[in-house]
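K.L.:
Right, I'll just put the structure down here and ask away after.
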Amino acid sequence: MGNSPFRQSVGFQVIDKALTEKGFAPFDFQVQTWQQIHEGKSGLVNAPTGCGKTYAVFLGALIQFINRYPKGFRQQQHNGLQLLWITPLRALAKDVGRAMEEMLACLDMPWRVGIRNGDTSASERLQQKKHVPEILIITPESLHLLIAQKEHARLFDALQVVAVDEWHELLGSKRGIQVELAISHLIALLHQRHRAPLIWGISATIGNLEEAAKVLLYATQQPPSIVKAHTSKQIAVHAIIPNEIDTYPWAGHLGLKMAEQVLPIIAQSNTTLLFTNTRGMSERWYQTLLQIAPHLAGTIALHHGSMEPSLRTWVEDALHTNLLKVVVCTASLDLGVDFRPVDTVIQVGSPKGIARFLQRAGRSGHAPGETSNIYFLPTHSLELMEVAALKQAIQQSFIESKEPLLLCFDVLIQYLSTLAVGDGFEAAVAFAEIKNTHAFADMSNAEFEELLLHLTEGGKVLQSYDEFKKVTLVNGKYQITNRRTAMRHRMHIGTIVSDAMMKVKMLGGGFIGVIEEWFISRLEIGDVFTLAGRNVALVMIKDMTVIVRKSASKKSIVPSWMGGRMSLTANLGQLLRQTFQQAAQSIIYAPLANMPEELVALQPLLQLQAQLSHIPQQHELLIEHLEDKDGYHLLVYPFEGRQVHEAMSALLAHRIAANHRISFSISMNDYGFELLSDQPIPVTNENVAALFSDKQLMLDIQQSINSVEMASRKFRDIAVIGGLIFQGMPGEQKKARHLQSSAGLLFRVFHEYDPNHVLIRQAYQEVMSQQMEEVRLRQALQRIAESNIIIKYPTRLTPLSFPIIADGLNRNNLSSEQLEDRVRKMQQQLMR
C-alpha cells in the first residue's frame, strides 16, 4: 500500500501532513480504514481503548470529502450532513465533538459539528434544522426523533458516512435494534437517490466480532470489512491486598474498611477514577474519602447517572482540564471518554465481567503507547480469586460475546409509530425495510399484519377503546394524524425503561439529581439522605419534585437504586473455576512456582476450606450439607453468576419437592447458592445426577417459577416501549405502582383473550432468555453432567458457604439483630 493511488490522493496527503505537523504518525489500522472508506466499503474497526479508533473513521470521512473537492475543500461551506456519528452516551458526544473540532481547525476546514441528544436546547435544534451541520453526533433515541420529523429525508440528502461508536456496547440491547432500524431506513432513503451511505462501526474487543459486524451491516447486503488494530494495549493489573485476610469473608463488608489503602495510590497519581458498581456505593465512597482525607475537598468529585446533567458536565470538564485529583464514579464513565489526565483506575469490588474490567482499565493511559493502570480493591477476601482470573483473561484475550436480540416487537411497534408520526409509511415499503435488519429478518408476514392491526385497531382485544387506535390509513399511508398522540409518542421515544424517577431540588436552589419514587416513598419529612455527595433533609414533595434542604447531620440514608446487582459473566465464571483448580493444586501438592500473589494471600482461607470440606476444581461440582441452629443447609457451587444460580436453585428446589414434602428458603451469590430447610435435604450420590439433569428443563423451569407473574412484570417495560402505557407529561409522571397496575391489567386481558399476541409471547421469551438465562442454564447443567460431583458434610460453616449464608440473613430477615453484629458474632464463633 506504500505507493498506492490512495496514498497519492490529495485527501491522504492533507491528513498525513496535518498529523505529521502535530508530531503524530497514523497507525496501520487507521490508514487501512481510510483506504476502505476511499474504496466505498463499509465495515467495523476493532481496536483497544485509547488507540485512535475515532480518528480511523472520522478522518476517513474527511479524506473522502477532500478527494471530492481537492482544490476547494477549505472553501466548501454548507455542505449538508456528511457524517452521522451515533454514540450511546451523552458524555461521549461532547468529548468526540471536541476532538473533531480541534482537527477541523488544524485543517482550516469550515465544517460544523453539531450535538443532538436529550440535553440539546430547543433553540440549538432549530438552528441545526435550518443549517444542517456537516457532522452530527447523536444518540439512538435522538436519531429516531429526527426520523419522526416531517420531511426528514432532506436532512440526510448529502449523507456519506454513518459511524456507530461503541457498537459493542449497543449490540445485544434494544438500543442496538434502534440503530439497526435507523440504518436500514437511511439506506432505503438514499437508495431512492441512487446511492448508499457507508456504514462503519467502532468497537473495542468482544468475543463475537464477526457476528457484531454482520449485525450492524446487515442492511448493506455486503460482506463487512473488519479492520483490526494490531497494537497491543499494555494493562497493568494490581491487587490491593487487605492487611488481614478474613477466612470467613462476608460479601461487601471489606471495601470501605480498605479506604485508607487507597489514599497512597491517589496521592502518587495525577488523576484517579474510582469505579463502583452501584450509585449507592459511589455515594458512600465519596463521603468516606472526604472524611478520612479532608485535604481532598475541592479536588474530589462524584459522577453517576442520577446526578443533574449540569453537575456531571462540570465533572467531565474538570477532568479534561486536570482540576480533579479523584472522581468516584459508576458505569456513567465506562465508555470511551478521553480524559488524558487520568493515569490510574481503581475498581472497587468485582466488575462481574472481563470486558467491563478492560473498558474501565482503558480510562487510564488513554493514549497510544501508554499503559493502563488499574487497581482491584476486593469487597471481600474471595474476590482476590477474581483478580487472578482477570489477569489470566487479559493474557488470553478471553472476552465475552454479546448476543444480538431478535424479534423485539415492542421496539418495532415504537418504530412504526415513529414513521407514522413523520411522513407516514406504506406497509410494503416498511416491511421490506424492516426485514432488511438482522433483528427482524425472520419476521413473518402474519406477525407484521398483527402489528398493523394492533396500531390501527388496538388488535383483537383493545378495538373497543379509541385511545389504542393510534395509526390511521390515509391514501395508502399509515399515519398518526392526532397531534396529541404524536406529541406523546415523540416524548417517549426510547427503550430504556427505569422505575419512576423524581427530581430532587434544593429549597430555594437548583436541581441536584433524581431519585427513584420507591425510595422517597419510604422516607418521613426531615429524614436525611445522600445524593450527589451532599447530605440533604426531606422538606416536602411537590408536583413530583422532591424539595430538600442542606443538612449537617453526620448520619444519612444512602439511596439504593433498583437493578444494582449485576451477575458474573460466563467467561469470568469459567476462568474463576480454573483459578480455583490452581488454588486446589497449590494446597494439595504444595504452593506452585510463580503462584499469583492473590492466591498466596488467600492460603489461610484456602487451607481452611480444604480442611473443612473441599476446594472445587475445574471439572468438579462441590455440594455441601451443613446443619446448625437455623436448619439444614444445602450449598452448591457452580460459579455461574447470581442470575443462573437464581434459576438453578429454583429448579433444584422444585425437583426435590416433587418427591418429598419439603419447603425451602433460597439465597445465592455469584459463586453458589443455598437451599435452607427445617428438615434434612435429600440430595445424595444416588439422585444428584437426575436433580441436575437438563432433561425436561423448560417444563421444570416453568413449574419451578411463577412464570406468569415474571412475564407480567416484564410486560410492563414492553408495554411502555410499545406505547401501550403512557408515562405522563414532564412533571406529571404516573406513579410506578399505577404504571404496574395498568400493565398488569393489560397483561391479564391479553393473556385471557389473545394469549398468542406478539407482545405476550415476547414477555415470556424475555423472561426465559434474559431473566432466567435459559441457554446459559442449560449449558451449565450439561457441564455439571460431565463433571465429578463431590458431596461433603462439613461440621461447621466453610469459607465458601459463609458469604452465601450471611447474604441470606440479610434478605430473609432471620434475625432482628443488626445484620453486621450477627455476622460478626458468627465469625467469632467459627474462629474459636
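Labels for the C-alpha cells follow display order: chains A, B, ..., residues from 1 in each chain, ligands from 1.
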For A:Ile135, please output as a list in words all residues within 7 Å (counting only C-alpha atoms; exclusion window: fewer than 6 positions along the same chain).

P.N.:
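Residues near the query, excluding close chain neighbours: Leu81, Gln82, Leu83, Leu84, Arg112, Val113 and Gly114 of chain A.
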
K.L.:
Restrict the selected residues to N, CA and C atoms and save them as a short mmCIF file (atom, residue, chain, number, x, y, z; two decimals), in the first residue's frame.

P.N.:
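Generated output (out20.cif):
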data_model
loop_
_atom_site.label_atom_id
_atom_site.label_comp_id
_atom_site.auth_asym_id
_atom_site.auth_seq_id
_atom_site.Cartn_x
_atom_site.Cartn_y
_atom_site.Cartn_z
N LEU A 81 -25.35 17.41 5.79
CA LEU A 81 -24.84 16.39 6.71
C LEU A 81 -23.98 15.37 5.95
N GLN A 82 -22.70 15.32 6.30
CA GLN A 82 -21.76 14.40 5.67
C GLN A 82 -21.51 13.16 6.52
N LEU A 83 -21.38 13.39 7.82
CA LEU A 83 -21.02 12.30 8.74
C LEU A 83 -22.01 12.28 9.90
N LEU A 84 -22.73 11.18 10.03
CA LEU A 84 -23.65 10.98 11.16
C LEU A 84 -22.97 10.07 12.15
N ARG A 112 -18.97 22.29 10.40
CA ARG A 112 -19.53 22.49 11.74
C ARG A 112 -19.86 21.13 12.37
N VAL A 113 -19.69 21.07 13.68
CA VAL A 113 -20.00 19.84 14.44
C VAL A 113 -21.20 20.14 15.33
N GLY A 114 -22.27 19.39 15.16
CA GLY A 114 -23.47 19.54 16.00
C GLY A 114 -23.64 18.35 16.91
#

K.L.:
Suppose you want the space between atom CA of A:Thr798 and atom CA of A:Met385; what is it in Å?

P.N.:
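Rounded to one decimal, the two atoms are 16.4 Å apart.
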
K.L.:
For atom CA of A:Ser401 and atom CA of A:Ile183, quote the distance in Å rounded to one decimal.

P.N.:
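Atom-to-atom, atom CA of A:Ser401 to atom CA of A:Ile183, that is 22.5 Å.
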
K.L.:
In stretch 95-124 of chain A, what's helix (DSSP H, G or I) per DSSP? Answer as a list in words?

P.N.:
Asp95, Val96, Gly97, Arg98, Ala99, Met100, Glu101, Glu102, Met103, Leu104, Ala105, Cys106, Leu107, Ala122, Ser123 and Glu124 of chain A

K.L.:
Print the selection's residues with all heavy atoms to a file, as a compact mmCIF listing (two decimals), in the first residue's frame.

P.N.:
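After the write, out-v3.txt holds the following:
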# COMPACT_ATOMS: atom_id res chain seq x y z
N ASP A 95 -17.06 14.91 24.17
CA ASP A 95 -15.64 14.57 24.06
C ASP A 95 -15.24 14.35 22.60
O ASP A 95 -14.24 14.88 22.13
CB ASP A 95 -15.38 13.31 24.88
CG ASP A 95 -13.90 12.98 24.96
OD1 ASP A 95 -13.16 13.81 25.50
OD2 ASP A 95 -13.52 11.91 24.47
N VAL A 96 -16.05 13.57 21.88
CA VAL A 96 -15.76 13.29 20.47
C VAL A 96 -15.86 14.58 19.66
O VAL A 96 -15.01 14.86 18.80
CB VAL A 96 -16.74 12.22 19.92
CG1 VAL A 96 -16.65 12.10 18.42
CG2 VAL A 96 -16.47 10.87 20.57
N GLY A 97 -16.88 15.39 19.94
CA GLY A 97 -17.04 16.66 19.23
C GLY A 97 -15.86 17.58 19.41
O GLY A 97 -15.40 18.24 18.46
N ARG A 98 -15.33 17.64 20.62
CA ARG A 98 -14.16 18.48 20.91
C ARG A 98 -12.95 18.04 20.07
O ARG A 98 -12.26 18.86 19.47
CB ARG A 98 -13.83 18.41 22.40
CG ARG A 98 -12.72 19.34 22.83
CD ARG A 98 -12.32 19.10 24.28
NE ARG A 98 -13.35 19.52 25.21
CZ ARG A 98 -14.02 18.71 26.01
NH1 ARG A 98 -13.81 17.41 25.95
NH2 ARG A 98 -14.93 19.18 26.85
N ALA A 99 -12.72 16.73 20.02
CA ALA A 99 -11.58 16.19 19.25
C ALA A 99 -11.76 16.49 17.76
O ALA A 99 -10.79 16.84 17.06
CB ALA A 99 -11.46 14.69 19.48
N MET A 100 -12.99 16.37 17.25
CA MET A 100 -13.24 16.64 15.83
C MET A 100 -13.00 18.11 15.50
O MET A 100 -12.41 18.45 14.47
CB MET A 100 -14.68 16.25 15.48
CG MET A 100 -14.92 14.75 15.45
SD MET A 100 -16.68 14.39 15.13
CE MET A 100 -16.62 12.60 14.93
N GLU A 101 -13.48 19.00 16.37
CA GLU A 101 -13.33 20.44 16.11
C GLU A 101 -11.87 20.86 16.12
O GLU A 101 -11.45 21.71 15.32
CB GLU A 101 -14.13 21.23 17.15
CG GLU A 101 -15.63 21.20 16.90
CD GLU A 101 -16.45 21.81 18.00
OE1 GLU A 101 -15.95 21.94 19.14
OE2 GLU A 101 -17.63 22.15 17.73
N GLU A 102 -11.07 20.24 17.00
CA GLU A 102 -9.63 20.54 17.02
C GLU A 102 -8.98 20.18 15.69
O GLU A 102 -8.16 20.92 15.15
CB GLU A 102 -8.95 19.79 18.16
CG GLU A 102 -9.24 20.36 19.54
CD GLU A 102 -8.65 19.50 20.65
OE1 GLU A 102 -7.92 18.52 20.35
OE2 GLU A 102 -8.92 19.80 21.84
N MET A 103 -9.34 19.00 15.16
CA MET A 103 -8.76 18.55 13.90
C MET A 103 -9.22 19.42 12.74
O MET A 103 -8.44 19.77 11.84
CB MET A 103 -9.13 17.09 13.66
CG MET A 103 -8.32 16.42 12.57
SD MET A 103 -6.59 16.25 13.06
CE MET A 103 -5.82 16.11 11.44
N LEU A 104 -10.50 19.79 12.72
CA LEU A 104 -11.01 20.65 11.65
C LEU A 104 -10.33 22.01 11.66
O LEU A 104 -10.06 22.58 10.59
CB LEU A 104 -12.53 20.80 11.80
CG LEU A 104 -13.38 19.55 11.50
CD1 LEU A 104 -14.81 19.73 11.99
CD2 LEU A 104 -13.37 19.25 9.99
N ALA A 105 -10.05 22.51 12.87
CA ALA A 105 -9.34 23.80 12.98
C ALA A 105 -7.93 23.68 12.41
O ALA A 105 -7.45 24.60 11.72
CB ALA A 105 -9.29 24.24 14.44
N CYS A 106 -7.25 22.55 12.69
CA CYS A 106 -5.91 22.32 12.14
C CYS A 106 -5.93 22.31 10.61
O CYS A 106 -5.00 22.78 9.96
CB CYS A 106 -5.34 20.99 12.63
SG CYS A 106 -4.81 21.03 14.33
N LEU A 107 -6.99 21.75 10.05
CA LEU A 107 -7.10 21.62 8.59
C LEU A 107 -7.69 22.87 7.94
O LEU A 107 -7.75 22.96 6.71
CB LEU A 107 -7.99 20.41 8.24
CG LEU A 107 -7.45 19.04 8.65
CD1 LEU A 107 -8.53 17.98 8.53
CD2 LEU A 107 -6.24 18.67 7.79
N ALA A 122 -33.79 23.58 22.70
CA ALA A 122 -34.74 23.70 21.58
C ALA A 122 -34.20 24.68 20.53
O ALA A 122 -34.35 24.45 19.33
CB ALA A 122 -36.09 24.16 22.11
N SER A 123 -33.55 25.76 20.98
CA SER A 123 -33.04 26.75 20.03
C SER A 123 -31.91 26.16 19.18
O SER A 123 -31.81 26.43 17.98
CB SER A 123 -32.53 27.99 20.78
OG SER A 123 -31.49 27.63 21.69
N GLU A 124 -31.07 25.33 19.81
CA GLU A 124 -29.98 24.71 19.06
C GLU A 124 -30.53 23.70 18.05
O GLU A 124 -30.03 23.59 16.93
CB GLU A 124 -29.02 24.02 20.04
CG GLU A 124 -27.70 23.63 19.41
CD GLU A 124 -26.71 23.08 20.43
OE1 GLU A 124 -26.90 23.33 21.64
OE2 GLU A 124 -25.75 22.40 20.01

K.L.:
Find the residues near stretch 347-352 of chain A: any atom within 8 Å, counting only C-alpha atoms, skip ones fewer than 2 places away on the same chain, and give them as a PyMOL selection string.

P.N.:
chain A and resi 252+255+274-277+345+354+356-357+360+374-380+383+386+566-569+572

K.L.:
Neighbours of stretch 465-469 of chain A within 8 Å (only C-alpha atoms; same-chain residues fewer than 2 positions away dropped), as an mmCIF file with N, CA, C and O atoms, in the first residue's frame?

P.N.:
data_model
loop_
_atom_site.group_PDB
_atom_site.id
_atom_site.type_symbol
_atom_site.label_atom_id
_atom_site.label_comp_id
_atom_site.auth_asym_id
_atom_site.auth_seq_id
_atom_site.Cartn_x
_atom_site.Cartn_y
_atom_site.Cartn_z
ATOM 1 N N HIS A 454 -52.690 -4.059 15.456
ATOM 2 C CA HIS A 454 -52.505 -3.547 16.822
ATOM 3 C C HIS A 454 -52.457 -2.019 16.818
ATOM 4 O O HIS A 454 -53.068 -1.360 17.672
ATOM 5 N N LEU A 455 -51.741 -1.439 15.837
ATOM 6 C CA LEU A 455 -51.570 0.011 15.792
ATOM 7 C C LEU A 455 -52.823 0.733 15.316
ATOM 8 O O LEU A 455 -53.124 1.836 15.768
ATOM 9 N N THR A 456 -53.563 0.121 14.407
ATOM 10 C CA THR A 456 -54.718 0.806 13.815
ATOM 11 C C THR A 456 -56.030 0.536 14.549
ATOM 12 O O THR A 456 -56.890 1.413 14.645
ATOM 13 N N GLU A 457 -56.169 -0.687 15.089
ATOM 14 C CA GLU A 457 -57.447 -1.066 15.697
ATOM 15 C C GLU A 457 -57.321 -1.475 17.168
ATOM 16 O O GLU A 457 -58.318 -1.806 17.801
ATOM 17 N N GLY A 458 -56.081 -1.506 17.698
ATOM 18 C CA GLY A 458 -55.907 -1.990 19.065
ATOM 19 C C GLY A 458 -55.837 -3.501 19.128
ATOM 20 O O GLY A 458 -55.923 -4.089 20.217
ATOM 21 N N LEU A 462 -58.262 -4.802 22.099
ATOM 22 C CA LEU A 462 -58.467 -3.416 22.526
ATOM 23 C C LEU A 462 -59.210 -2.580 21.496
ATOM 24 O O LEU A 462 -59.207 -1.352 21.576
ATOM 25 N N GLN A 463 -59.879 -3.241 20.538
ATOM 26 C CA GLN A 463 -60.501 -2.482 19.457
ATOM 27 C C GLN A 463 -61.698 -1.653 19.913
ATOM 28 O O GLN A 463 -62.148 -0.763 19.199
ATOM 29 N N VAL A 471 -52.916 4.794 14.800
ATOM 30 C CA VAL A 471 -52.459 4.986 13.424
ATOM 31 C C VAL A 471 -53.649 4.849 12.468
ATOM 32 O O VAL A 471 -54.493 3.964 12.629
ATOM 33 N N THR A 472 -53.683 5.741 11.482
ATOM 34 C CA THR A 472 -54.781 5.749 10.509
ATOM 35 C C THR A 472 -54.216 5.538 9.112
ATOM 36 O O THR A 472 -53.141 6.058 8.776
ATOM 37 N N LEU A 724 -48.171 1.163 24.793
ATOM 38 C CA LEU A 724 -49.469 0.790 25.366
ATOM 39 C C LEU A 724 -49.752 1.571 26.644
ATOM 40 O O LEU A 724 -50.906 1.782 27.019
#

K.L.:
For stretch 574-577 of chain A, find every residue with an atom within 8 Å (counting only C-alpha atoms), except residues of its own chain fewer than 5 positions away, and show them as a list in words.

P.N.:
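The neighbour list is Met385, Glu386, Ala389, Leu390, Gln392, Ala393, Pro616, Gln617, Gln618, Phe639 and Glu640 of chain A.
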
K.L.:
Ranking A:Ser397, A:Ser665, A:Ser225, A:Asn659 by minimum distance to A:Pro682 and counting only C-alpha atoms, which one comes first?

P.N.:
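Comparing A:Ser397, A:Ser665, A:Ser225, A:Asn659 against A:Pro682, the winner is A:Asn659.
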
K.L.:
Looking at only C-alpha atoms, which of A:Leu605, A:Ala650, A:Ala441, A:Ile346 is the one that sits closest to A:Ser269?

P.N.:
A:Ile346
